[in-house]
Amino acid sequence: MPIGAYFAVSAILFCVGLTGVILRRNVIVLFMCIELMLNSVNLTFAAAARMWGGADGQVFVFFVIVVAAAEVVVGLALIVNLFFRRGTLDIDAPNLLKW
Amino acid sequence: MEASFYGQYGTLGLLVVFGVLFYGLIMTVNRVMRPSLPSPDKLSTYECGVDPVGTGWSQMNIRYYVFAFLFVIFDVEAVFLFPWAMMLEGLDGSAGQPSPVFALVAMFLFIGTLLEGLVYAWKKGVLRWE
Amino acid sequence: MILAQAPGSASGMLPTPDVAWSSFAPELVLVVAALLLLMFAITEGRQLLVAIPTGLLAGAAGVWLVTQGRVAPGAVAIALGAATVAIVVGVGERPPLVQAFTAGAAALGALVLSFWQYVAVMAPDGGTATASTLLGGSVAMDGISLFTRITVYLTTLLVIPIGYGYLQDRGVDRPEFEPLLLLSATGMALLGAAADLITLFIALEILSIALYILCGFARRDRRSQESGLKYFLTGSVASAILLYGMALLYVSTGTLDLGAIGTALGLVTTSERVAVLGLALVTAGIGFKIALVPFHLWTPDVYQGAPTNVTAFMAAATKAAGFAAVLRLYLLAFGRLEDLWVPIVAGLAAVTMIYGAVVALVQRDVKRILAFSSIAHAGYATIGVVANSDAGLSGTLWYLLTYAVTTLAAFGCVVAIERRRRGEVALVDLRGLGRTSPALAGILTLALLSLAGIPPTAGFAGKLVVFQAGIAAGFEWLVVIGVVSSVIAAFFYLRLMGMMFLEDPVEGTEVPVVSTGVSFGVAIAAALVIYLGVQPGVLLTLADNAAVLAR
């Protein structure tokens with residue numbers, strides 16, 4: 001199977017995630033889209049590591065997974081805090097800061 | 001290379017076809033040979049466990065997520081133990097290499113750091129289910 | 001086809017890096033201090049149980065280091081160990097003070113160790129700086145990393161006293177604040193030292209994740225919540241975009257090492273189209289972190305909503321760290337693509353300078369004004385990057401140090417004005433400040449003059465060096481835009497000064513409370529603003545020497 005297919009899939013996944021971030025309004029869905037973007041990057045790194053025959057790309061994948069987990073924990077805490085205060089998950093609800 | 005790659009999918013396809021045929025055969029034999037005595041308990045979706053209540057979209061307690069993430073973090077950190085374990089065997093403290101004792105201490109420092117996070121979560125009452 | 005291969009991967013064994021402790025000694029101090037502070041946070045009332053073993057361990061390590069001939073780091077370790085026990089014994093009955101003092105001692109220790117790195121490790125003969133990469137090529141020991149460390153740790157040291165009373169007034173003096181601050185500073189210092197993409201990404205995330213929490217730290221305050229959530233969402237999208245850019249660079253070059261990427265991009269066999277796409281994504285991702293227009297949209301909201309001491313920390317330190325990564329990425333990894341990125345980044349710098357200065361004119365909130373001013377200053381600092389020369393590199397580093405002390409002085413004054421008020425300082429609150437509290441108004445004026453770039457302040461010295469580098473590299477038009485933008489900016493700084501000194505105070509306005517911590521931090525920052533403006537010598541030489549890149 002040509003290695004380009006992996007890059008194509010990961011590019012499509014990345015674009016789906018980015019589109020979701022731009023279009024969706026629910027914070028949890030935004031969150032899932034960001035995770036999708038990170039995981040598409042993982043796929044790129046894994047495929048490229050295979051292509052170059054090196055281990056460093058795969059090591060990067062591990063680090064990205066760890067960082068993504070930490071990011072999710074922090075993000076979820078922020079979202080839950082916001083939800084308890086306002087009772088909504090709409091991204092347009094926080095609107096105190098503007099000019 | 002590519003032919004053999006798709007060839008592996010061919011093997012998988014054969015396995016699937018064989019599996020479906022075998023499943024059909026066994027279930028048919030089963031149906032022919034078994035006695036049929038239906039009762040409400042037997043007809044419910046799950047014979048054991050709790051009956052499902054409400055729809056699948058009900059809200060979950062946030063604590064499930066907390067536990068899930070604690071698990072994910074420690075699970076993923078375990079990944080870093082494997083390359084370390086692979087390397088530990090080959091270390092002999094010769095030129096340019098750390099000694100095995102040093103590597104052991106370093107890994108315990110890493111685990112200790114994680115452990116402190118767990119202790120912190122524990123003291124904060126994250127692990128209590130109320 | 002294979003250009004570069006991970007060393008050792010052929011044999012199935014991973015390479016074992018040589019652990020050069022000296023290369024990250026300051027970060028080690030901060031991480032240990034953060035862990036210690038976390039333990040303090042959960043052992044209230046029994047802090048000595050944690051402090052005594054930690055102090056003994058640090059002391060023993062220090063004695064061992066001294067016997068090994070490494071006197072300076074050993075002395076720092078002994079001093080920190082003693083300080084830990086002394087602080088707990090001395091102010092143990094006031095946990096917030098223990099946290100603040102311990103964090104301050106750690107930041108001071110890290111700052112001392114950074115200077116030690118400069119003197120003993122980088123320039124062993126006291127002559128020109130020598131650069132190298134350590135830890136298997138993942139951490140660079142060169143001018144950028146050292147200068148970034150100094151800027152970041154100085155900022156951390158000053159932010160701790162400035163924020164101490166402020167957090168208590170707002171009722172959010174939770175013990176987790178200082179550990180998060182120290183971890184974020186660790187990430188920033190590592191970002192300045194990162195010599196490969198993995199370290200760069202990890203460092204960026206360490207600093208960002210800690211800052212997400214710090215921005216939302218006043219969790220009952222809706223503005224702070226909103227600030228934290230906005231920073232988190234935009235920040236993690238930017239991280240993902242940056243990461244994809246890194247992945248594309250890896251696809252096209254087959255290496256994660258910044259220097260090796262730079263070499264590979266010059267080869268004909270390298271797929272340049274993929275690399276260019278990677279360059280574009282990396283520019284977007286890192287442009288977000290340093291708030292270049294059009295990636296700046298989060299900045300005013302986040303700066304306004306976050307607790308003011310956090311805003312000060314972000315403005316001063318995050319910018320320094322982000323630019324360190326920018327310098328290393330563009331000059332080292334993208335050096336061969338300069339025809340491509342120099343015009344684009346120059347355009348971004350021009351737009352950023354003008355936008356930051358013009359939009360600040362119509363703002364009503366002081367923190368928001370300072371946020372737009374920070375956007376404009378990111379534009380000035382970018383001139384040094386665009387210059388793409390040694391002079392530009394040291395100019396940007398030097399500019400960020402001057403901006404850091406200036407913005408710390410400015411935000412320190414805002415903290416003082418904001419005390420006992422609900423997270424907002426409108427322009428009208430400044431009216432008549434010159435009469436009610438002249439010292440505070442004087443220092444704020446000094447900071448504003450420095451932001452405007454008027455001699456003899458640090459801001460002037462910073463702009464001068466950066467503009468000189470820009471002209472030397474043939475970017476006269478960019479420097480002209482910079483000067484025009486400075487003049488526009490000077491207009492609203494002057495308006496603020498006019499409000500403070502020429503108008504009468506509004507009836508019923510509370511007189512700002514200047515606590516010991518705030519006056520300590522602000523006084524040092526203000527002294528540095530004048531000192532760096534009048535006597536740039538020592539640190540400017542350091543910045544000049546910093547131009548030696550580890551390749």
# chains A, B, ... in the order shown; residues from 1 in each chain; ligands from 1

$ interface_residues --of "chain B" --to "chain C" --cutoff "12 Å" --atoms "only C-alpha atoms" --output "PyMOL selection string"
chain B and resi 82-100+102-103+106+109-110+112-125

$ residues_around --residues "Ile28 (chain A)" --least-positions-apart "3" --cutoff "10 Å" --atoms "only C-alpha atoms" --output "PyMOL selection string"
chain A and resi 24-25+31-34+75-76+79+89-91

$ residues_around --residues "Ile488 (chain C)" --least-positions-apart "2" --cutoff "12 Å" --atoms "only C-alpha atoms" --output "ChimeraX atom specification"
/C:353-361,373,376,451-453,481-486,490-495

$ select_by_dssp --residues "chain B" --states "alpha helix (DSSP H)" --output "PyMOL selection string"
chain B and resi 2-33+40-43+62-79+81-90+100-123

$ closest_residue --among "C:Leu207, C:Val276, C:Ala378, C:Ala324" --to "chain A" --atoms "only C-alpha atoms"
C:Leu207

$ closest_residue --among "A:Ile22, A:Met51, A:Thr44, A:Phe62" --to "Val76 (chain B)" --atoms "only C-alpha atoms"
A:Phe62

$ closest_residue --among "C:Asp390, C:Asp173, C:Glu424, C:Glu93" --to "chain A" --atoms "only C-alpha atoms"
C:Glu424

$ atom_distance --atom1 "CA of Asn309 (chain C)" --atom2 "CA of Ile530 (chain C)"
21.8 Å

$ residues_around --residues "Ala381 (chain C)" --least-positions-apart "2" --cutoff "10 Å" --atoms "only C-alpha atoms" --output "NGL selection string"
:C and (319-320 or 323 or 349 or 353 or 376-379 or 383-386 or 392-393 or 395-400 or 403 or 462-463 or 466-467)

$ interface_residues --of "chain A" --to "chain B" --cutoff "12 Å" --atoms "only C-alpha atoms" --output "count of residues only"
29

$ interface_residues --of "chain A" --to "chain C" --cutoff "7 Å" --atoms "only C-alpha atoms" --output "list in words"
Ile34, Met37, Leu38, Val41, Thr44, Phe45, Ala48, Trp52, Gly53, Gly54, Ala55, Asp56, Phe60, Glu71, Gly75, Leu78, Leu82, Pro94, Leu96, Leu97 and Lys98 of chain A

$ closest_residue --among "A:Leu30, A:Leu36, A:Ala46, A:Leu23" --to "Tyr6 (chain A)" --atoms "only C-alpha atoms"
A:Ala46

$ closest_residue --among "A:Arg86, A:Leu43, A:Gly57, A:Arg50" --to "Phe14 (chain A)" --atoms "only C-alpha atoms"
A:Leu43

$ select_by_dssp --residues "region 50-215 of chain C" --states "strand (DSSP E or B)" --output "count of residues only"
8

$ atom_distance --atom1 "CA of Arg94 (chain C)" --atom2 "CA of Gly45 (chain C)"
9.5 Å

$ residues_around --residues "region 428-443 of chain C" --least-positions-apart "2" --cutoff "7 Å" --atoms "only C-alpha atoms" --output "PyMOL selection string"
chain C and resi 413+425-426+445-447+499-506+511+526
